[in-house]
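Asks: Sending over coords-v3.cif (mmCIF, C-alpha atoms and all ligand atoms).
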data_target
loop_
_atom_site.label_atom_id
_atom_site.label_comp_id
_atom_site.auth_asym_id
_atom_site.auth_seq_id
_atom_site.Cartn_x
_atom_site.Cartn_y
_atom_site.Cartn_z
CA MET B 912 95.15 93.16 87.61
CA SER B 913 94.76 96.78 88.50
CA SER B 914 97.04 99.77 88.31
CA LEU B 915 96.13 100.22 91.96
CA ASN B 916 98.31 97.23 92.81
CA GLN B 917 102.05 97.44 93.41
CA LYS B 918 104.27 97.31 90.35
CA THR B 919 107.81 96.36 89.45
CA VAL B 920 109.76 96.07 86.20
CA ALA B 921 108.88 92.91 84.26
CA LYS B 922 112.54 92.05 83.63
CA PRO B 923 116.01 93.31 84.53
CA ILE B 924 117.15 96.54 82.87
CA LEU B 925 120.84 97.25 82.26
CA ILE B 926 121.97 100.86 81.95
CA GLU B 927 125.56 101.96 81.43
CA GLY B 928 126.98 105.45 81.43
CA THR B 929 129.02 108.08 83.24
CA GLY B 930 128.49 109.92 86.52
CA LEU B 931 127.90 113.66 85.98
CA HIS B 932 129.94 114.73 88.99
CA SER B 933 132.38 111.83 89.43
CA GLY B 934 133.07 111.37 85.72
CA LYS B 935 133.36 107.63 86.44
CA SER B 936 131.92 104.82 84.30
CA VAL B 937 129.04 103.06 85.94
CA SER B 938 126.95 100.02 85.22
CA MET B 939 123.51 99.83 86.80
CA LYS B 940 120.75 97.24 86.83
CA ILE B 941 117.11 97.87 87.69
CA LEU B 942 115.86 94.49 88.94
CA PRO B 943 112.31 93.29 89.64
CA ALA B 944 111.42 93.08 93.35
CA GLU B 945 108.62 91.61 95.46
CA PRO B 946 105.76 93.75 96.83
CA ASN B 947 106.56 95.94 99.85
CA VAL B 948 110.32 95.93 99.15
CA GLY B 949 110.18 99.53 97.91
CA ILE B 950 113.09 101.02 96.01
CA VAL B 951 116.43 99.76 97.31
CA PHE B 952 119.93 100.62 96.09
CA LYS B 953 122.77 98.10 96.33
CA ARG B 954 126.41 99.01 95.71
CA VAL B 955 127.66 95.79 94.12
CA ASP B 956 131.27 97.05 94.05
CA LEU B 957 131.25 96.64 97.84
CA LYS B 958 130.98 93.32 99.66
CA SER B 959 129.29 94.50 102.84
CA ASN B 960 127.18 97.36 104.24
CA ASN B 961 126.21 98.08 100.67
CA ILE B 962 122.43 98.61 100.93
CA ILE B 963 121.19 102.20 100.77
CA ILE B 964 117.53 103.14 101.09
CA PRO B 965 116.39 106.26 99.23
CA SER B 966 114.70 107.90 102.19
CA ILE B 967 114.47 111.60 103.00
CA PHE B 968 116.28 110.86 106.26
CA ASN B 969 119.21 109.26 104.37
CA VAL B 970 119.87 112.35 102.27
CA SER B 971 123.38 113.41 103.25
CA ASN B 972 123.82 116.15 100.68
CA ALA B 973 121.34 117.90 98.41
CA VAL B 974 123.22 120.96 97.26
CA LEU B 975 123.69 120.17 93.57
CA CYS B 976 122.25 116.69 93.36
CA THR B 977 120.55 114.31 95.76
CA THR B 978 123.00 112.09 97.63
CA ILE B 979 121.91 109.25 99.91
CA SER B 980 124.10 107.48 102.46
CA ASN B 981 123.65 104.52 104.78
CA ASP B 982 124.81 104.26 108.41
CA PHE B 983 128.24 103.12 107.22
CA GLY B 984 128.82 106.23 105.11
CA VAL B 985 128.35 104.36 101.83
CA LYS B 986 126.90 106.79 99.29
CA ILE B 987 125.14 107.04 95.99
CA TYR B 988 124.60 110.38 94.35
CA THR B 989 122.57 111.95 91.56
CA ILE B 990 119.68 109.55 92.15
CA GLU B 991 116.96 112.13 91.39
CA HIS B 992 116.28 111.58 87.67
CA LEU B 993 116.06 107.81 88.10
CA MET B 994 113.77 108.29 91.12
CA GLY B 995 111.63 110.71 89.10
CA ALA B 996 111.24 108.11 86.34
CA LEU B 997 110.32 105.37 88.84
CA PHE B 998 107.84 107.70 90.54
CA GLY B 999 106.24 108.74 87.25
CA LYS B 1000 105.98 105.18 85.95
CA GLY B 1001 104.46 103.98 89.22
CA ILE B 1002 107.26 101.49 90.00
CA ASP B 1003 106.72 100.65 93.67
CA ASN B 1004 109.40 97.99 94.03
CA ALA B 1005 112.84 97.56 92.46
CA VAL B 1006 116.38 96.72 93.48
CA ILE B 1007 118.91 99.03 91.82
CA GLU B 1008 122.31 97.36 91.61
CA ILE B 1009 125.09 99.80 90.87
CA ASP B 1010 128.84 99.29 90.65
CA ASN B 1011 129.93 102.81 91.51
CA GLU B 1012 128.91 105.80 93.61
CA GLU B 1013 126.85 107.75 91.10
CA VAL B 1014 123.81 106.99 88.93
CA PRO B 1015 124.70 107.49 85.23
CA ILE B 1016 123.67 110.90 83.92
CA LEU B 1017 122.92 109.63 80.38
CA ASP B 1018 121.56 112.64 78.45
CA GLY B 1019 120.87 114.67 81.63
CA SER B 1020 117.16 113.83 81.65
CA ALA B 1021 115.00 110.81 82.54
CA LYS B 1022 114.38 109.99 78.87
CA GLU B 1023 116.46 106.81 78.69
CA PHE B 1024 115.17 105.47 82.03
CA ILE B 1025 111.61 105.84 80.69
CA ILE B 1026 112.47 104.19 77.36
CA GLU B 1027 114.11 101.23 79.15
CA ILE B 1028 111.26 100.82 81.66
CA ASP B 1029 108.74 100.88 78.79
CA LYS B 1030 110.82 98.33 76.87
CA ALA B 1031 111.08 95.97 79.86
CA GLY B 1032 107.40 96.32 80.70
CA ILE B 1033 105.69 96.49 84.07
CA LYS B 1034 104.65 93.58 86.25
CA ILE B 1035 101.62 94.15 88.45
CA SER B 1036 101.34 92.25 91.75
CA ASN B 1037 98.29 91.28 93.82
CA THR B 1038 99.30 93.61 96.64
CA PRO B 1039 97.54 96.99 96.96
CA ILE B 1040 99.56 100.19 96.60
CA LYS B 1041 100.04 102.59 99.46
CA VAL B 1042 99.94 106.35 99.03
CA ILE B 1043 100.73 109.25 101.31
CA LYS B 1044 97.95 111.74 101.73
CA ILE B 1045 98.97 115.19 102.92
CA GLU B 1046 96.63 116.31 105.71
CA LYS B 1047 98.05 119.70 106.66
CA THR B 1048 99.63 122.56 104.78
CA ILE B 1049 103.31 123.11 105.47
CA HIS B 1050 105.08 126.19 104.18
CA LEU B 1051 108.80 126.84 104.18
CA ARG B 1052 110.82 129.88 103.18
CA GLU B 1053 114.61 130.02 103.00
CA LYS B 1054 115.83 133.45 101.84
CA THR B 1055 114.39 133.91 98.33
CA LYS B 1056 113.30 130.29 98.04
CA GLU B 1057 109.85 129.12 98.96
CA ILE B 1058 107.96 125.84 98.98
CA SER B 1059 104.67 124.58 100.33
CA ILE B 1060 102.69 121.37 100.32
CA GLU B 1061 98.95 121.30 100.88
CA PRO B 1062 96.19 118.68 100.90
CA THR B 1063 94.37 117.68 97.70
CA LYS B 1064 91.65 115.11 97.22
CA ILE B 1065 93.30 112.68 94.84
CA SER B 1066 95.94 114.44 92.78
CA LEU B 1067 99.59 115.37 92.96
CA ASP B 1068 100.10 118.83 91.50
CA ILE B 1069 103.50 120.44 91.17
CA ASP B 1070 103.55 124.17 90.47
CA PHE B 1071 107.16 125.28 90.03
CA GLU B 1072 108.75 128.61 89.25
CA ILE B 1073 112.34 129.63 88.56
CA LYS B 1074 113.75 133.14 88.26
CA TYR B 1075 117.16 133.60 86.75
CA LYS B 1076 119.10 136.79 86.20
CA ASN B 1077 120.24 135.27 82.92
CA SER B 1078 117.74 136.67 80.44
CA LEU B 1079 117.60 133.57 78.24
CA ILE B 1080 116.42 131.42 81.16
CA GLY B 1081 114.58 134.30 82.83
CA SER B 1082 111.40 133.40 84.71
CA GLN B 1083 109.64 130.17 83.86
CA ARG B 1084 106.68 128.56 85.57
CA ASN B 1085 104.83 125.34 84.92
CA ASN B 1086 102.16 123.37 86.70
CA VAL B 1087 101.66 119.64 86.19
CA ASN B 1088 99.17 117.13 87.46
CA VAL B 1089 101.56 114.21 87.86
CA PHE B 1090 99.02 111.38 87.74
CA GLU B 1091 97.04 112.72 84.78
CA ASP B 1092 99.18 114.86 82.49
CA ASP B 1093 101.43 113.64 79.69
CA LEU B 1094 104.85 113.84 81.34
CA THR B 1095 106.96 113.39 78.19
CA ASP B 1096 108.30 116.96 78.29
CA ILE B 1097 109.12 116.56 81.98
CA TYR B 1098 111.02 113.29 81.48
CA ASN B 1099 112.90 114.66 78.44
CA SER B 1100 114.03 117.91 80.03
CA ARG B 1101 117.76 118.02 80.72
CA THR B 1102 119.76 119.35 83.60
CA PHE B 1103 121.23 122.78 82.85
CA CYS B 1104 123.89 125.19 83.97
CA LEU B 1105 125.35 128.57 83.19
CA PHE B 1106 128.62 128.55 81.29
CA GLU B 1107 130.26 130.72 83.96
CA ASP B 1108 129.39 128.18 86.67
CA ILE B 1109 131.24 125.32 84.99
CA GLU B 1110 134.65 126.49 86.22
CA LYS B 1111 133.29 126.83 89.78
CA LEU B 1112 131.92 123.27 89.65
CA LYS B 1113 135.24 121.91 88.40
CA THR B 1114 137.11 123.71 91.21
CA MET B 1115 134.78 121.99 93.67
CA GLY B 1116 135.76 118.66 92.10
CA LEU B 1117 132.27 118.30 90.61
CA GLY B 1118 130.86 118.14 87.12
CA LYS B 1119 133.78 115.99 85.92
CA GLY B 1120 131.50 113.99 83.62
CA GLY B 1121 129.61 117.05 82.40
CA SER B 1122 129.41 117.84 78.70
CA LEU B 1123 127.02 119.17 76.10
CA GLU B 1124 125.87 115.54 75.75
CA ASN B 1125 124.31 115.58 79.22
CA ALA B 1126 123.53 119.17 80.17
CA VAL B 1127 122.10 122.27 78.59
CA VAL B 1128 124.74 124.99 78.85
CA VAL B 1129 123.65 128.61 78.66
CA LYS B 1130 126.16 131.35 77.85
CA ASP B 1131 124.62 134.81 78.02
CA ARG B 1132 121.76 134.72 75.51
CA GLU B 1133 122.94 131.60 73.76
CA ILE B 1134 122.39 127.89 74.23
CA LEU B 1135 125.65 126.11 73.41
CA ASN B 1136 124.02 122.75 72.65
CA GLU B 1137 123.42 121.97 69.03
CA GLY B 1138 119.68 121.78 68.42
CA GLY B 1139 118.81 124.13 71.29
CA LEU B 1140 116.07 123.25 73.75
CA ARG B 1141 113.82 120.18 73.64
CA ASN B 1142 110.74 122.09 74.77
CA SER B 1143 109.96 125.74 75.50
CA LYS B 1144 109.93 125.25 79.28
CA GLU B 1145 112.83 122.81 79.48
CA PHE B 1146 114.50 124.61 82.42
CA VAL B 1147 111.52 124.61 84.75
CA ASN B 1148 110.36 121.22 83.48
CA HIS B 1149 113.68 119.75 84.58
CA LYS B 1150 113.15 121.22 88.04
CA ILE B 1151 109.76 119.48 88.13
CA LEU B 1152 111.47 116.18 87.24
CA ASP B 1153 113.97 116.76 90.07
CA CYS B 1154 111.07 117.52 92.41
CA MET B 1155 109.23 114.30 91.49
CA GLY B 1156 112.40 112.30 92.15
CA ASP B 1157 112.99 114.00 95.49
CA LEU B 1158 109.36 113.47 96.54
CA TYR B 1159 109.80 109.73 96.01
CA LEU B 1160 112.29 109.71 98.88
CA SER B 1161 109.23 109.79 101.10
CA GLY B 1162 108.75 106.11 100.19
CA TYR B 1163 105.40 106.25 98.43
CA ARG B 1164 103.64 108.39 95.90
CA ILE B 1165 101.98 111.45 97.37
CA LEU B 1166 98.56 113.07 97.13
CA GLY B 1167 99.06 116.81 97.62
CA LYS B 1168 99.91 120.07 95.95
CA ILE B 1169 103.45 121.40 95.86
CA THR B 1170 104.04 125.05 95.09
CA CYS B 1171 107.68 125.99 94.77
CA SER B 1172 109.53 129.12 93.79
CA GLN B 1173 113.30 129.02 93.26
CA GLY B 1174 113.67 125.76 95.17
CA GLY B 1175 115.66 122.62 94.54
CA HIS B 1176 116.77 119.34 96.10
CA GLN B 1177 117.64 120.81 99.47
CA LEU B 1178 114.44 122.80 99.96
CA THR B 1179 112.27 119.82 98.95
CA ASN B 1180 114.17 117.67 101.46
CA HIS B 1181 113.72 120.23 104.24
CA LEU B 1182 109.99 120.40 103.49
CA LEU B 1183 109.56 116.62 103.56
CA ARG B 1184 111.52 116.30 106.81
CA GLN B 1185 109.08 118.76 108.33
CA VAL B 1186 106.06 116.89 106.96
CA PHE B 1187 107.19 113.53 108.32
CA GLN B 1188 108.24 114.69 111.77
CA ASP B 1189 104.60 114.89 112.86
CA ASN B 1190 102.10 112.19 111.92
CA LYS B 1191 99.23 114.67 112.01
CA ASN B 1192 100.64 116.15 108.79
CA PHE B 1193 99.96 113.06 106.65
CA SER B 1194 98.35 109.65 106.49
CA ILE B 1195 99.38 106.51 104.64
CA ILE B 1196 96.51 104.89 102.82
CA GLU B 1197 96.45 101.38 101.47
CA VAL B 1198 94.34 101.49 98.34
CA GLN B 1199 92.16 98.40 98.44
CA GLU B 1200 91.27 96.87 95.12
CA LYS B 1201 87.55 96.49 94.66
CA THR B 1202 86.15 95.26 91.40
CA VAL B 1203 87.06 95.72 87.77
CA PRO B 1204 90.67 96.08 86.67
CA ASN B 1205 90.25 99.26 84.73
CA THR B 1206 92.34 102.39 85.03
CA LEU B 1207 89.19 104.45 84.42
CA ILE B 1208 88.05 103.70 87.95
CA TYR B 1209 91.36 104.94 89.33
CA LYS B 1210 89.96 108.33 90.27
CA SER B 1211 86.66 107.23 91.73
CA LEU B 1212 88.36 104.56 93.81
CA LEU B 1213 90.88 106.98 95.15
CA LYS B 1214 88.13 109.51 95.83
CA SER B 1215 86.23 106.97 97.85
CA ILE B 1216 89.11 106.53 100.26
CA ALA B 1217 90.68 109.96 100.18
ZN ZN B 1301 118.24 117.31 87.85
#
What does this structure look like when you write it as structure tokens?
Replies:
Amino acid sequence: MSSLNQKTVAKPILIEGTGLHSGKSVSMKILPAEPNVGIVFKRVDLKSNNIIIPSIFNVSNAVLCTTISNDFGVKIYTIEHLMGALFGKGIDNAVIEIDNEEVPILDGSAKEFIIEIDKAGIKISNTPIKVIKIEKTIHLREKTKEISIEPTKISLDIDFEIKYKNSLIGSQRNNVNVFEDDLTDIYNSRTFCLFEDIEKLKTMGLGKGGSLENAVVVKDREILNEGGLRNSKEFVNHKILDCMGDLYLSGYRILGKITCSQGGHQLTNHLLRQVFQDNKNFSIIEVQEKTVPNTLIYKSLLKSIA
């Protein structure tokens, strides 16, 4: 069996928690699925019209979190950290059963999703993976925010920068090679907000489940969470996790280089919509298995087709 074949979780995973914005209790199962199913969400609290596909074209709101909706207006929001974990772990196929409208926030990072996926194990199929290869550079600027995606041979690089007026957050930049680097710091980095924004969120009816248990809260030059930060670039690393999750709404893993300054869910979605509106911008490659099942040949195999 090769890591170039499609993967799913080896057994069902149960995750329970609270929605960050809704504040509602939610129970979610990540279930194994057959090859070529992809990632599919199912709202089990509803009897019909309850399937929602995490596709860039189903994103109905991406202002504070990524929300997907089906044609019947049935929604699931805050899917990005779970999608980032599935992307990073190479899970091609899974059915996510969920009994409410929001994915549990847990500790605000992807840490628990990763722990549970590792505990359940990964089942590798006989069906080759497919990847998206970016063929043309696309650049997008919206006011002070900027993002681009450009072709690479075999890697996915994410170079992300944030600039905050708050001097504790300040400017942070990090660059990861998603398929090769140790992503522990990325998975463990929590969502964050400024103390003064909490009231605004609550007035908007959002952030009802928010607490110091699931978000880093910054007040002036102080981090209100006991224990401080988990890593020195936790703010930008969380944005990279969000970006990975949002990229997975393209359906497959991607070969390309993302460079983003000040962006977020919405900008990533706008970029991907532009990429996929013209099939000259990308190609979808089925990676054919050749000989030995050995992850060491991963690169050379990909090189030979890329
Ligand atoms: Zn996030």
Asks: Taking a cut-off of 12 Å and counting all atoms listed in the file, can you build a table that, for each residue of chain B near ligand ZN 1301 (chain B), reports the nearest atom pair and how far apart they are in Å (one decimal), sorted by chain then residue number, as a tab-separated table?
Replies:
residue	atom	partner	partner_atom	distance
B:Leu931	CA	B:ZN1301	ZN	10.5
B:Ala973	CA	B:ZN1301	ZN	11.0
B:Val974	CA	B:ZN1301	ZN	11.3
B:Leu975	CA	B:ZN1301	ZN	8.4
B:Cys976	CA	B:ZN1301	ZN	6.8
B:Thr977	CA	B:ZN1301	ZN	8.8
B:Tyr988	CA	B:ZN1301	ZN	11.4
B:Thr989	CA	B:ZN1301	ZN	7.8
B:Ile990	CA	B:ZN1301	ZN	9.0
B:Glu991	CA	B:ZN1301	ZN	6.4
B:His992	CA	B:ZN1301	ZN	6.1
B:Leu993	CA	B:ZN1301	ZN	9.8
B:Met994	CA	B:ZN1301	ZN	10.6
B:Gly995	CA	B:ZN1301	ZN	9.4
B:Ala996	CA	B:ZN1301	ZN	11.7
B:Val1014	CA	B:ZN1301	ZN	11.8
B:Ile1016	CA	B:ZN1301	ZN	9.3
B:Leu1017	CA	B:ZN1301	ZN	11.7
B:Asp1018	CA	B:ZN1301	ZN	11.0
B:Gly1019	CA	B:ZN1301	ZN	7.3
B:Ser1020	CA	B:ZN1301	ZN	7.2
B:Ala1021	CA	B:ZN1301	ZN	9.0
B:Ile1097	CA	B:ZN1301	ZN	10.9
B:Tyr1098	CA	B:ZN1301	ZN	10.4
B:Asn1099	CA	B:ZN1301	ZN	11.1
B:Ser1100	CA	B:ZN1301	ZN	8.9
B:Arg1101	CA	B:ZN1301	ZN	7.2
B:Thr1102	CA	B:ZN1301	ZN	5.0
B:Phe1103	CA	B:ZN1301	ZN	8.0
B:Cys1104	CA	B:ZN1301	ZN	10.4
B:Asn1125	CA	B:ZN1301	ZN	10.7
B:Ala1126	CA	B:ZN1301	ZN	9.5
B:Val1127	CA	B:ZN1301	ZN	11.2
B:Glu1145	CA	B:ZN1301	ZN	11.4
B:Phe1146	CA	B:ZN1301	ZN	9.8
B:Val1147	CA	B:ZN1301	ZN	10.4
B:Asn1148	CA	B:ZN1301	ZN	9.8
B:His1149	CA	B:ZN1301	ZN	6.1
B:Lys1150	CA	B:ZN1301	ZN	6.4
B:Ile1151	CA	B:ZN1301	ZN	8.8
B:Leu1152	CA	B:ZN1301	ZN	6.9
B:Asp1153	CA	B:ZN1301	ZN	4.8
B:Cys1154	CA	B:ZN1301	ZN	8.5
B:Met1155	CA	B:ZN1301	ZN	10.2
B:Gly1156	CA	B:ZN1301	ZN	8.8
B:Asp1157	CA	B:ZN1301	ZN	9.8
B:Gly1175	CA	B:ZN1301	ZN	8.9
B:His1176	CA	B:ZN1301	ZN	8.6
Asks: Kindly indicate which residue among B:Thr978, B:Thr1179, B:Asn1004, B:Asn1011 lies nearest to Gly930 in chain B, using all atoms listed in the file for the distances.
Replies: B:Asn1011
Asks: Excluding Ile964 in chain B and any residue of its chain fewer than 5 positions from it, enumerate the residues within 9 Å of it, using all atoms listed in the file, and give them as number ranges by chain.
Replies: B: 949-953, 969, 979-981, 1160
Asks: From the set B:Leu1183, B:Ile1134, B:Val1087, B:Ile1069, which residue has the shortest atom-to-atom contact distance to Cys1171 in chain B, counting all atoms listed in the file?
Replies: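 The shortest atom-to-atom distance to Cys1171 in chain B comes from B:Ile1069.
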Asks: For CA of Leu1067 in chain B and CA of Gln1083 in chain B, quote the distance in Å rounded to one decimal.
Replies: 20.1 Å
Asks: Can you work out which one of B:Leu1112, B:Leu1051, B:Ile1065, B:Leu1117 has the shortest atom-to-atom distance to Gly934 in chain B, counting all atoms listed in the file?
Replies: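 Selected residue with least distance to Gly934 in chain B: B:Leu1117.
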Asks: Using all atoms listed in the file, find the one residue out of B:Ser1143, B:Asn1192, B:Asn1085, B:Ser959 that sits nearest to Glu1061 in chain B.
Replies: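 The shortest atom-to-atom distance to Glu1061 in chain B comes from B:Asn1192.
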Asks: Write out as a PyMOL selection string each polymer residue whose atoms come within 6 Å of Val937 in chain B, counting all atoms listed in the file; drop sequence neighbours fewer than 4 positions from it.
Replies: chain B and resi 927-929+1011
